[in-house]
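Structure data (compact mmCIF, C-alpha atoms) from target_37.txt:
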```txt
# COMPACT_ATOMS: atom_id res chain seq x y z
CA MET A 151 -5.22 45.76 12.04
CA LYS A 152 -4.58 42.90 9.63
CA LEU A 153 -6.93 39.93 9.25
CA VAL A 154 -5.03 36.68 8.75
CA TYR A 155 -6.87 33.50 7.90
CA ALA A 156 -6.69 29.92 6.68
CA SER A 157 -9.51 28.17 4.85
CA ARG A 158 -9.57 24.60 3.60
CA THR A 159 -13.21 23.83 2.72
CA GLY A 160 -14.23 27.40 1.94
CA ASN A 161 -16.20 28.11 5.13
CA VAL A 162 -13.65 30.51 6.59
CA GLN A 163 -13.21 32.11 3.16
CA LYS A 164 -16.97 32.82 3.01
CA LEU A 165 -16.79 34.52 6.41
CA ILE A 166 -13.76 36.59 5.39
CA ASP A 167 -15.51 37.64 2.17
CA ARG A 168 -18.52 38.86 4.17
CA ILE A 169 -16.32 40.82 6.58
CA SER A 170 -14.49 42.33 3.60
CA ALA A 171 -11.58 43.71 5.59
CA ALA A 172 -9.18 45.66 3.40
CA ASP A 173 -5.99 44.27 4.89
CA THR A 174 -6.04 40.47 4.73
CA LEU A 175 -3.51 37.69 4.38
CA LYS A 176 -4.41 34.11 3.54
CA ILE A 177 -2.14 31.47 5.02
CA ALA A 178 -1.33 29.18 2.10
CA SER A 179 1.92 27.52 3.16
CA GLY A 180 2.55 28.55 6.76
CA GLU A 181 5.73 30.31 5.67
CA GLU A 182 4.01 33.72 5.48
CA SER A 183 5.20 36.48 7.77
CA VAL A 184 3.32 39.25 9.59
CA ASN A 185 5.11 42.13 11.31
CA GLU A 186 2.02 43.95 12.58
CA ASP A 187 -0.92 43.27 14.88
CA TYR A 188 -3.49 40.87 13.48
CA ILE A 189 -6.57 38.78 14.19
CA LEU A 190 -6.42 35.12 13.16
CA VAL A 191 -9.42 33.22 11.75
CA ILE A 192 -8.93 29.52 11.04
CA TYR A 193 -10.61 26.14 10.88
CA THR A 194 -10.18 23.14 13.16
CA ASP A 195 -8.47 20.24 11.41
CA GLY A 196 -9.67 16.68 11.83
CA GLU A 197 -10.73 15.96 15.36
CA GLY A 198 -9.62 19.16 17.03
CA ILE A 199 -6.05 19.71 15.93
CA ILE A 200 -4.43 22.95 14.85
CA PRO A 201 -3.96 22.75 11.06
CA PRO A 202 -0.25 22.09 10.35
CA ILE A 203 0.14 25.20 8.14
CA VAL A 204 -1.40 27.32 10.90
CA LYS A 205 0.92 25.80 13.51
CA THR A 206 3.94 26.58 11.31
CA PHE A 207 2.66 30.13 10.83
CA LEU A 208 1.96 30.68 14.54
CA ASP A 209 5.32 29.28 15.62
CA ALA A 210 6.93 32.16 13.74
CA ASN A 211 4.25 34.86 14.06
CA HIS A 212 2.24 34.45 17.27
CA GLY A 213 3.75 37.52 18.93
CA ASN A 214 1.58 40.00 17.00
CA CYS A 215 -1.65 37.98 17.16
CA LYS A 216 -4.32 39.73 19.24
CA GLY A 217 -6.93 36.96 19.15
CA VAL A 218 -8.22 33.92 17.33
CA ALA A 219 -11.60 32.88 15.93
CA VAL A 220 -12.02 29.23 15.01
CA SER A 221 -14.50 27.43 12.76
CA GLY A 222 -15.71 23.89 13.31
CA ASN A 223 -18.47 21.43 12.55
CA SER A 224 -20.39 20.32 15.63
CA GLU A 225 -22.34 17.69 13.70
CA ARG A 226 -19.26 15.83 12.50
CA HIS A 227 -17.10 16.48 15.56
CA PRO A 228 -19.28 17.26 18.58
CA ASP A 229 -16.64 16.20 21.12
CA THR A 230 -13.82 18.20 19.53
CA PHE A 231 -15.76 21.17 18.14
CA CYS A 232 -13.31 24.08 17.65
CA LEU A 233 -10.80 22.39 19.94
CA ALA A 234 -8.01 24.09 17.98
CA ALA A 235 -9.03 27.32 19.74
CA GLU A 236 -8.24 25.90 23.17
CA LYS A 237 -4.99 24.38 21.92
CA ILE A 238 -3.89 27.74 20.48
CA GLU A 239 -4.87 29.53 23.68
CA GLU A 240 -2.86 27.03 25.74
CA LYS A 241 0.22 26.80 23.49
CA TYR A 242 0.54 30.44 22.42
CA GLY A 243 -1.39 32.31 25.13
CA LEU A 244 -3.75 33.89 22.60
CA PRO A 245 -7.29 34.91 23.55
CA ILE A 246 -10.23 33.15 21.92
CA LEU A 247 -12.51 35.69 20.25
CA ALA A 248 -15.04 33.21 18.89
CA LYS A 249 -15.73 29.56 18.19
CA PHE A 250 -18.25 29.21 15.41
CA GLU A 251 -20.11 26.77 13.22
CA LYS A 252 -18.88 26.44 9.62
CA ASP A 253 -18.95 29.92 7.99
CA GLY A 254 -20.19 31.78 11.05
CA ASN A 255 -23.10 34.17 11.50
CA PRO A 256 -23.67 37.92 11.95
CA SER A 257 -22.62 37.73 15.61
CA VAL A 258 -19.23 36.25 14.67
CA GLU A 259 -18.81 38.83 11.92
CA LYS A 260 -19.49 41.62 14.44
CA THR A 261 -17.02 40.15 16.97
CA ILE A 262 -14.23 39.97 14.38
CA LYS A 263 -14.96 43.46 13.01
CA GLU A 264 -14.84 44.90 16.53
CA ALA A 265 -11.55 43.14 17.23
CA LEU A 266 -10.11 44.59 14.03
CA GLN A 267 -11.02 48.09 15.24
CA ALA A 268 -9.30 47.67 18.62
```
Show this structure as structure tokens.
Amino acid sequence: MKLVYASRTGNVQKLIDRISAADTLKIASGEESVNEDYILVIYTDGEGIIPPIVKTFLDANHGNCKGVAVSGNSERHPDTFCLAAEKIEEKYGLPILAKFEKDGNPSVEKTIKEALQA
């Protein structure tokens, strides 16, 4: 299964590098296309919004997404921590695999690796 991700500050990129999945796609513009099953790992933008490039990507590619893991910063945004996860679940009907702090931890890595094996 493909691992698709978006990283703005480098936190998600650090997590992806630790997972080291062979088949990855970084969302750079939102215009990318995926025609196979994938897991999505993204960040929460601002105060809990779906990053615009991710929204553009999901509008065209949500059908093959099997789950989403979302990074956030609970210190800076305690009231909207990883709120993009709930918005994606509501708008696209995608299951939330994980909500995690900054670049994640071994538990998040394990959750994503297991989802990739499904």
*Skip Cys232 (chain A) itself and residues of its chain fewer than 3 positions away, then list as a VMD selection string all residues within 9 Å of it, counting only C-alpha atoms.*
chain A and resid 193 to 195 197 to 199 220 to 224 227 235 to 236 249 to 251
Kindly export the residues of the current selection with C-alpha atoms, as a compact mmCIF listing (two decimals), keeping the file's coordinate frame.
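Dumped to result_0.txt:
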```txt
# COMPACT_ATOMS: atom_id res chain seq x y z
CA TYR A 193 -10.61 26.14 10.88
CA THR A 194 -10.18 23.14 13.16
CA ASP A 195 -8.47 20.24 11.41
CA GLU A 197 -10.73 15.96 15.36
CA GLY A 198 -9.62 19.16 17.03
CA ILE A 199 -6.05 19.71 15.93
CA VAL A 220 -12.02 29.23 15.01
CA SER A 221 -14.50 27.43 12.76
CA GLY A 222 -15.71 23.89 13.31
CA ASN A 223 -18.47 21.43 12.55
CA SER A 224 -20.39 20.32 15.63
CA HIS A 227 -17.10 16.48 15.56
CA ALA A 235 -9.03 27.32 19.74
CA GLU A 236 -8.24 25.90 23.17
CA LYS A 249 -15.73 29.56 18.19
CA PHE A 250 -18.25 29.21 15.41
CA GLU A 251 -20.11 26.77 13.22
```
Non-local contacts of Met151 (chain A) (12 Å; only C-alpha atoms; under 3 positions in same chain excluded) as a tab-separated table (two decimals) with C-alpha atoms, in the coordinates of the input:
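File written: out13.tsv
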```tsv
chain	number	residue	atom	x	y	z
A	154	VAL	CA	-5.03	36.68	8.75
A	171	ALA	CA	-11.58	43.71	5.59
A	172	ALA	CA	-9.18	45.66	3.40
A	173	ASP	CA	-5.99	44.27	4.89
A	174	THR	CA	-6.04	40.47	4.73
A	175	LEU	CA	-3.51	37.69	4.38
A	184	VAL	CA	3.32	39.25	9.59
A	185	ASN	CA	5.11	42.13	11.31
A	186	GLU	CA	2.02	43.95	12.58
A	187	ASP	CA	-0.92	43.27	14.88
A	188	TYR	CA	-3.49	40.87	13.48
A	189	ILE	CA	-6.57	38.78	14.19
A	190	LEU	CA	-6.42	35.12	13.16
A	214	ASN	CA	1.58	40.00	17.00
A	215	CYS	CA	-1.65	37.98	17.16
A	216	LYS	CA	-4.32	39.73	19.24
A	217	GLY	CA	-6.93	36.96	19.15
A	262	ILE	CA	-14.23	39.97	14.38
A	263	LYS	CA	-14.96	43.46	13.01
A	264	GLU	CA	-14.84	44.90	16.53
A	265	ALA	CA	-11.55	43.14	17.23
A	266	LEU	CA	-10.11	44.59	14.03
A	267	GLN	CA	-11.02	48.09	15.24
A	268	ALA	CA	-9.30	47.67	18.62
```
*Using only C-alpha atoms: which of A:Val258, A:Ile169, A:Val204, A:Ala156 has the shortest distance to Ile238 (chain A)*: A:Val204
_Under the rule that all atoms listed in the file are counted, which of A:Lys241, A:Ile177, A:Pro256, A:Glu182 is the nearest residue to Gln163 (chain A)?_
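Selected residue with least distance to Gln163 (chain A): A:Ile177.
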*asked:* If I take CA of Phe207 (chain A) and CA of Ser183 (chain A), how far is one from the other in Å, to one decimal?
replied: 7.5 Å
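Compared by their closest atoms to Leu233 (chain A), and using all atoms listed in the file, the residues A:Gly180, A:Gly196, A:Gly213, A:Gly160 rank with A:Gly196 nearest.
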*Between CA of Pro228 (chain A) and CA of Lys252 (chain A), what is the spacing in Å?*
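Atom-to-atom, CA of Lys252 (chain A) and CA of Pro228 (chain A) are spaced 12.8 Å apart.
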*asked:* Calculated over all atoms listed in the file, which of the candidates A:Arg168, A:Asn161, A:His212, A:Pro245 has the smallest distance to Lys260 (chain A)?
replied: A:Arg168
Could you rebuild region 243-255 of chain A with N, CA and C atoms and give it back as a CSV table (one decimal), in the coordinates of the input?
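File out05.csv, as written:
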```
chain,number,residue,atom,x,y,z
A,243,GLY,N,-0.9,31.3,24.2
A,243,GLY,CA,-1.4,32.3,25.1
A,243,GLY,C,-2.3,33.3,24.5
A,244,LEU,N,-2.9,33.0,23.4
A,244,LEU,CA,-3.8,33.9,22.6
A,244,LEU,C,-5.2,33.8,23.0
A,245,PRO,N,-5.9,34.9,23.1
A,245,PRO,CA,-7.3,34.9,23.6
A,245,PRO,C,-8.2,34.4,22.4
A,246,ILE,N,-9.2,33.6,22.8
A,246,ILE,CA,-10.2,33.2,21.9
A,246,ILE,C,-11.3,34.2,21.8
A,247,LEU,N,-11.5,34.7,20.5
A,247,LEU,CA,-12.5,35.7,20.2
A,247,LEU,C,-13.9,35.0,20.0
A,248,ALA,N,-13.8,33.9,19.3
A,248,ALA,CA,-15.0,33.2,18.9
A,248,ALA,C,-14.7,31.8,18.5
A,249,LYS,N,-15.7,30.9,18.7
A,249,LYS,CA,-15.7,29.6,18.2
A,249,LYS,C,-17.1,29.5,17.5
A,250,PHE,N,-17.0,29.1,16.2
A,250,PHE,CA,-18.2,29.2,15.4
A,250,PHE,C,-18.4,28.0,14.5
A,251,GLU,N,-19.7,27.8,14.1
A,251,GLU,CA,-20.1,26.8,13.2
A,251,GLU,C,-19.8,27.2,11.8
A,252,LYS,N,-19.1,26.3,11.1
A,252,LYS,CA,-18.9,26.4,9.6
A,252,LYS,C,-18.5,27.8,9.2
A,253,ASP,N,-19.4,28.6,8.5
A,253,ASP,CA,-19.0,29.9,8.0
A,253,ASP,C,-19.5,31.1,8.9
A,254,GLY,N,-19.8,30.7,10.1
A,254,GLY,CA,-20.2,31.8,11.0
A,254,GLY,C,-21.6,32.4,10.8
A,255,ASN,N,-21.8,33.5,11.5
A,255,ASN,CA,-23.1,34.2,11.5
A,255,ASN,C,-22.8,35.7,11.8
```
